[in-house]
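The structure under discussion appears below in the form of structure tokens.
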Amino acid sequence: MSAESLRASATALLESWSPPTGSDQSLRQAMLAFLGAAPRGCLREHAPGHITASAVVFSHDEREVLLTLHPRVGSWIQLGGHCEESDDTVAGAALREAVEESGIDGLHMEPELYGAQAHPITCSLGVPTRHLDLLFRITAPAGAVPVRSAESTELRWWPVDALPDNADVLLR
């Protein structure tokens, strides 16, 4: 439960990930270099940028994906957010964020990295920074009904083949 354990877990995830494209491979290498130079780079206090934990939550039958209309970003995005020093791993942070933001218990997370993204953003720090998202694939139990948290303008299931025009989510 420390910046070191978060950094170690992020590094291990990225080292074991086999990116599907050349641009993903390039992002993987950049994130590994970032982690090598930023001992506290998994925490939001690292203003130049920080690793964030994201959850791509699919319905039990994988026909829908749960997206949040993020108030700061103004787009429909996957659930997730900042790692906390109380998190043991980035994967644990992603699952915590998914439960907090969806209100759904019984989520099942695949342990390997699903993908990665990088986004410029002005987050809760109040200054421009960069979110280096590590994404995890999560499946909700049958009949799961999401409950919007205070962190979201709106929260809803979207068919994977009919996402809104302003969606920014990685689906493979």
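Identifiers in this document derive from the order of the structure tokens: chains are assigned A, B, ..., residues are numbered from 1 separately in each chain, and ligands are numbered from 1 in order of occurrence.
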Picked from chain A by DSSP as strand (DSSP E), as an MDAnalysis selection string: chainID A and resid 50:58 64:69 76:77 79:82 108:109 115:122 128:139 154:159 167:168
Take the residues just selected and output them with N, CA and C atoms as a short mmCIF file (atom, residue, chain, number, x, y, z; two decimals), in the first residue's frame.
```
data_model
loop_
_atom_site.label_atom_id
_atom_site.label_comp_id
_atom_site.auth_asym_id
_atom_site.auth_seq_id
_atom_site.Cartn_x
_atom_site.Cartn_y
_atom_site.Cartn_z
N HIS A 50 0.11 11.36 -14.47
CA HIS A 50 0.05 10.24 -13.54
C HIS A 50 -0.75 9.08 -14.14
N ILE A 51 -0.38 7.89 -13.70
CA ILE A 51 -1.09 6.67 -14.07
C ILE A 51 -2.48 6.73 -13.44
N THR A 52 -3.50 6.38 -14.22
CA THR A 52 -4.85 6.26 -13.70
C THR A 52 -5.37 4.85 -13.99
N ALA A 53 -6.37 4.45 -13.20
CA ALA A 53 -6.91 3.09 -13.27
C ALA A 53 -8.30 3.14 -13.88
N SER A 54 -8.48 2.53 -15.04
CA SER A 54 -9.75 2.59 -15.76
C SER A 54 -10.38 1.21 -15.89
N ALA A 55 -11.72 1.22 -15.94
CA ALA A 55 -12.50 -0.01 -16.02
C ALA A 55 -13.47 0.06 -17.19
N VAL A 56 -13.27 -0.82 -18.15
CA VAL A 56 -14.23 -0.94 -19.24
C VAL A 56 -15.20 -2.03 -18.80
N VAL A 57 -16.40 -1.59 -18.36
CA VAL A 57 -17.37 -2.50 -17.76
C VAL A 57 -18.37 -2.95 -18.82
N PHE A 58 -18.38 -4.26 -19.07
CA PHE A 58 -19.31 -4.86 -20.03
C PHE A 58 -20.47 -5.52 -19.28
N GLU A 64 -23.38 -4.77 -24.10
CA GLU A 64 -23.39 -3.37 -23.71
C GLU A 64 -22.15 -3.03 -22.90
N VAL A 65 -21.84 -1.75 -22.89
CA VAL A 65 -20.73 -1.25 -22.09
C VAL A 65 -21.27 -0.09 -21.24
N LEU A 66 -20.83 -0.01 -20.00
CA LEU A 66 -21.28 1.03 -19.09
C LEU A 66 -20.37 2.24 -19.22
N LEU A 67 -20.95 3.37 -19.57
CA LEU A 67 -20.16 4.60 -19.74
C LEU A 67 -20.70 5.70 -18.84
N THR A 68 -19.81 6.59 -18.46
CA THR A 68 -20.17 7.76 -17.68
C THR A 68 -19.97 9.02 -18.51
N LEU A 69 -20.90 9.94 -18.38
CA LEU A 69 -20.73 11.24 -19.01
C LEU A 69 -19.96 12.09 -18.00
N TRP A 76 -18.56 10.77 -23.13
CA TRP A 76 -18.87 9.47 -22.54
C TRP A 76 -17.57 8.67 -22.50
N ILE A 77 -17.16 8.25 -21.32
CA ILE A 77 -15.90 7.52 -21.16
C ILE A 77 -16.11 6.33 -20.23
N LEU A 79 -15.36 4.00 -16.87
CA LEU A 79 -15.24 4.34 -15.46
C LEU A 79 -13.77 4.30 -15.06
N GLY A 80 -13.45 4.93 -13.96
CA GLY A 80 -12.09 4.88 -13.47
C GLY A 80 -11.65 6.19 -12.89
N GLY A 81 -10.41 6.21 -12.45
CA GLY A 81 -9.90 7.44 -11.85
C GLY A 81 -8.53 7.27 -11.25
N HIS A 82 -8.27 8.10 -10.28
CA HIS A 82 -6.94 8.17 -9.66
C HIS A 82 -6.68 6.99 -8.73
N HIS A 108 -16.67 -8.70 -12.05
CA HIS A 108 -15.56 -9.64 -12.29
C HIS A 108 -14.53 -8.97 -13.20
N MET A 109 -13.29 -8.88 -12.72
CA MET A 109 -12.24 -8.22 -13.49
C MET A 109 -11.24 -9.25 -14.01
N GLY A 115 -5.84 -2.61 -22.06
CA GLY A 115 -5.36 -1.60 -22.98
C GLY A 115 -4.79 -0.41 -22.23
N ALA A 116 -4.38 0.60 -22.97
CA ALA A 116 -3.81 1.81 -22.38
C ALA A 116 -4.18 3.00 -23.27
N GLN A 117 -4.32 4.15 -22.63
CA GLN A 117 -4.61 5.39 -23.33
C GLN A 117 -3.89 6.53 -22.61
N ALA A 118 -3.69 7.62 -23.31
CA ALA A 118 -3.12 8.83 -22.70
C ALA A 118 -4.01 10.01 -23.07
N HIS A 119 -4.33 10.84 -22.08
CA HIS A 119 -5.23 11.97 -22.30
C HIS A 119 -4.70 13.22 -21.61
N PRO A 120 -4.62 14.35 -22.32
CA PRO A 120 -4.37 15.62 -21.62
C PRO A 120 -5.66 16.02 -20.91
N ILE A 121 -5.52 16.54 -19.69
CA ILE A 121 -6.71 16.88 -18.90
C ILE A 121 -6.34 17.87 -17.81
N THR A 122 -7.29 18.66 -17.41
CA THR A 122 -7.16 19.42 -16.17
C THR A 122 -8.04 18.69 -15.17
N PRO A 128 -3.25 21.86 -15.92
CA PRO A 128 -3.15 20.89 -17.01
C PRO A 128 -2.15 19.77 -16.66
N THR A 129 -2.55 18.55 -16.93
CA THR A 129 -1.73 17.38 -16.66
C THR A 129 -2.04 16.33 -17.73
N ARG A 130 -1.59 15.13 -17.54
CA ARG A 130 -1.86 14.04 -18.47
C ARG A 130 -2.24 12.80 -17.66
N HIS A 131 -3.35 12.18 -18.06
CA HIS A 131 -3.75 10.90 -17.48
C HIS A 131 -3.23 9.79 -18.37
N LEU A 132 -2.48 8.90 -17.78
CA LEU A 132 -1.95 7.72 -18.47
C LEU A 132 -2.77 6.54 -17.98
N ASP A 133 -3.84 6.23 -18.71
CA ASP A 133 -4.83 5.24 -18.29
C ASP A 133 -4.36 3.82 -18.56
N LEU A 134 -4.42 3.00 -17.52
CA LEU A 134 -4.28 1.56 -17.67
C LEU A 134 -5.69 1.00 -17.56
N LEU A 135 -6.14 0.30 -18.60
CA LEU A 135 -7.52 -0.16 -18.69
C LEU A 135 -7.64 -1.65 -18.38
N PHE A 136 -8.72 -1.97 -17.67
CA PHE A 136 -9.03 -3.35 -17.30
C PHE A 136 -10.42 -3.69 -17.79
N ARG A 137 -10.57 -4.92 -18.24
CA ARG A 137 -11.87 -5.41 -18.71
C ARG A 137 -12.62 -6.00 -17.51
N ILE A 138 -13.83 -5.52 -17.30
CA ILE A 138 -14.66 -5.95 -16.18
C ILE A 138 -16.02 -6.36 -16.71
N THR A 139 -16.58 -7.42 -16.13
CA THR A 139 -17.91 -7.89 -16.52
C THR A 139 -18.84 -7.75 -15.32
N GLU A 154 -23.98 11.65 -15.94
CA GLU A 154 -24.93 10.61 -16.32
C GLU A 154 -24.18 9.29 -16.40
N LEU A 155 -24.89 8.21 -16.22
CA LEU A 155 -24.30 6.87 -16.25
C LEU A 155 -25.32 5.96 -16.91
N ARG A 156 -24.87 5.22 -17.96
CA ARG A 156 -25.81 4.31 -18.61
C ARG A 156 -25.11 3.26 -19.45
N TRP A 157 -25.87 2.19 -19.71
CA TRP A 157 -25.41 1.13 -20.60
C TRP A 157 -25.62 1.58 -22.03
N TRP A 158 -24.62 1.30 -22.89
CA TRP A 158 -24.69 1.58 -24.32
C TRP A 158 -24.42 0.29 -25.08
N PRO A 159 -25.18 0.02 -26.16
CA PRO A 159 -24.84 -1.12 -27.01
C PRO A 159 -23.42 -0.93 -27.56
N ALA A 167 -18.32 9.52 -27.57
CA ALA A 167 -17.72 8.49 -26.72
C ALA A 167 -16.22 8.41 -26.98
N ASP A 168 -15.47 8.24 -25.91
CA ASP A 168 -14.02 8.04 -26.01
C ASP A 168 -13.69 6.83 -25.13
#
```
Exercise: stretch 84-90 of chain A partners within 8 Å, only C-alpha atoms, chain neighbours under 3 positions left out, as a PyMOL selection string: chain A and resi 1-3+5-6+9-10+43+52-53+93-94+134
Proximity to A:Glu151 - best of A:Thr21, A:Ser124, A:Gln29, A:Ser16, only C-alpha atoms: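 The shortest atom-to-atom distance to A:Glu151 comes from A:Ser124.
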Those of chain A in DSSP helix (DSSP H, G or I), formatted as a PyMOL selection string: chain A and resi 3-16+22-37+90-102
Could you please take those selected residues and save N, CA and C atoms as a compact mmCIF listing (two decimals), in the first residue's frame?
```txt
# COMPACT_ATOMS: atom_id res chain seq x y z
N ALA A 3 3.15 4.18 -2.85
CA ALA A 3 3.50 4.60 -4.21
C ALA A 3 4.37 3.53 -4.87
N GLU A 4 5.22 2.88 -4.08
CA GLU A 4 6.10 1.85 -4.65
C GLU A 4 5.33 0.64 -5.14
N SER A 5 4.32 0.18 -4.37
CA SER A 5 3.57 -1.01 -4.80
C SER A 5 2.71 -0.69 -6.03
N LEU A 6 2.17 0.51 -6.09
CA LEU A 6 1.41 0.92 -7.27
C LEU A 6 2.31 0.97 -8.50
N ARG A 7 3.46 1.57 -8.33
CA ARG A 7 4.42 1.67 -9.45
C ARG A 7 4.87 0.29 -9.90
N ALA A 8 5.16 -0.60 -8.94
CA ALA A 8 5.58 -1.96 -9.28
C ALA A 8 4.47 -2.70 -10.02
N SER A 9 3.22 -2.53 -9.58
CA SER A 9 2.12 -3.23 -10.26
C SER A 9 1.91 -2.68 -11.66
N ALA A 10 1.99 -1.36 -11.84
CA ALA A 10 1.84 -0.75 -13.16
C ALA A 10 2.95 -1.23 -14.09
N THR A 11 4.16 -1.26 -13.59
CA THR A 11 5.30 -1.71 -14.39
C THR A 11 5.12 -3.17 -14.81
N ALA A 12 4.73 -4.03 -13.87
CA ALA A 12 4.53 -5.45 -14.18
C ALA A 12 3.42 -5.64 -15.22
N LEU A 13 2.33 -4.89 -15.08
CA LEU A 13 1.23 -4.98 -16.06
C LEU A 13 1.71 -4.61 -17.46
N LEU A 14 2.43 -3.51 -17.56
CA LEU A 14 2.91 -3.04 -18.86
C LEU A 14 3.96 -3.98 -19.45
N GLU A 15 4.83 -4.52 -18.60
CA GLU A 15 5.86 -5.44 -19.09
C GLU A 15 5.26 -6.73 -19.62
N SER A 16 4.14 -7.18 -19.04
CA SER A 16 3.54 -8.45 -19.48
C SER A 16 2.50 -8.26 -20.59
N GLY A 22 1.15 -1.16 -33.30
CA GLY A 22 2.41 -0.44 -33.15
C GLY A 22 2.28 0.80 -32.29
N SER A 23 1.16 1.53 -32.42
CA SER A 23 0.98 2.73 -31.60
C SER A 23 0.79 2.35 -30.13
N ASP A 24 0.13 1.22 -29.88
CA ASP A 24 0.00 0.74 -28.49
C ASP A 24 1.37 0.34 -27.93
N GLN A 25 2.19 -0.27 -28.77
CA GLN A 25 3.54 -0.64 -28.35
C GLN A 25 4.34 0.61 -27.98
N SER A 26 4.21 1.65 -28.78
CA SER A 26 4.90 2.90 -28.51
C SER A 26 4.41 3.52 -27.20
N LEU A 27 3.10 3.49 -26.97
CA LEU A 27 2.53 4.01 -25.71
C LEU A 27 3.03 3.19 -24.53
N ARG A 28 3.08 1.88 -24.69
CA ARG A 28 3.60 1.00 -23.63
C ARG A 28 5.02 1.39 -23.25
N GLN A 29 5.87 1.59 -24.25
CA GLN A 29 7.26 1.97 -23.98
C GLN A 29 7.35 3.34 -23.29
N ALA A 30 6.52 4.28 -23.74
CA ALA A 30 6.51 5.61 -23.12
C ALA A 30 6.06 5.54 -21.66
N MET A 31 5.06 4.72 -21.39
CA MET A 31 4.58 4.59 -20.01
C MET A 31 5.62 3.92 -19.12
N LEU A 32 6.31 2.93 -19.65
CA LEU A 32 7.38 2.29 -18.88
C LEU A 32 8.51 3.28 -18.59
N ALA A 33 8.87 4.09 -19.56
CA ALA A 33 9.90 5.11 -19.34
C ALA A 33 9.43 6.13 -18.30
N PHE A 34 8.17 6.53 -18.39
CA PHE A 34 7.60 7.45 -17.41
C PHE A 34 7.70 6.87 -16.01
N LEU A 35 7.29 5.62 -15.84
CA LEU A 35 7.34 4.98 -14.52
C LEU A 35 8.77 4.85 -14.01
N GLY A 36 9.71 4.64 -14.92
CA GLY A 36 11.11 4.55 -14.52
C GLY A 36 11.65 5.87 -14.00
N ALA A 37 11.07 6.97 -14.44
CA ALA A 37 11.56 8.30 -14.04
C ALA A 37 10.69 8.97 -12.98
N VAL A 90 -2.67 -1.19 -9.17
CA VAL A 90 -3.47 -0.42 -10.12
C VAL A 90 -4.74 -1.19 -10.47
N ALA A 91 -4.66 -2.50 -10.59
CA ALA A 91 -5.85 -3.31 -10.86
C ALA A 91 -6.86 -3.16 -9.73
N GLY A 92 -6.40 -3.18 -8.50
CA GLY A 92 -7.28 -2.98 -7.35
C GLY A 92 -7.93 -1.61 -7.37
N ALA A 93 -7.17 -0.61 -7.80
CA ALA A 93 -7.72 0.75 -7.90
C ALA A 93 -8.81 0.80 -8.98
N ALA A 94 -8.61 0.11 -10.10
CA ALA A 94 -9.60 0.08 -11.17
C ALA A 94 -10.90 -0.57 -10.69
N LEU A 95 -10.79 -1.66 -9.96
CA LEU A 95 -11.98 -2.33 -9.45
C LEU A 95 -12.68 -1.45 -8.41
N ARG A 96 -11.92 -0.82 -7.53
CA ARG A 96 -12.50 0.09 -6.53
C ARG A 96 -13.26 1.21 -7.23
N GLU A 97 -12.64 1.83 -8.23
CA GLU A 97 -13.28 2.92 -8.97
C GLU A 97 -14.55 2.43 -9.67
N ALA A 98 -14.51 1.24 -10.26
CA ALA A 98 -15.68 0.71 -10.97
C ALA A 98 -16.85 0.51 -10.01
N VAL A 99 -16.58 -0.02 -8.83
CA VAL A 99 -17.65 -0.23 -7.84
C VAL A 99 -18.17 1.12 -7.33
N GLU A 100 -17.25 2.04 -7.01
CA GLU A 100 -17.66 3.36 -6.52
C GLU A 100 -18.51 4.11 -7.54
N GLU A 101 -18.11 4.09 -8.80
CA GLU A 101 -18.78 4.88 -9.83
C GLU A 101 -20.02 4.22 -10.41
N SER A 102 -20.15 2.91 -10.26
CA SER A 102 -21.30 2.21 -10.83
C SER A 102 -22.32 1.78 -9.79
```
Separation of atom CA of A:Asn166 from atom CA of A:Leu107 in Å: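 For atom CA of A:Leu107 relative to atom CA of A:Asn166, the distance reads 25.8 Å.
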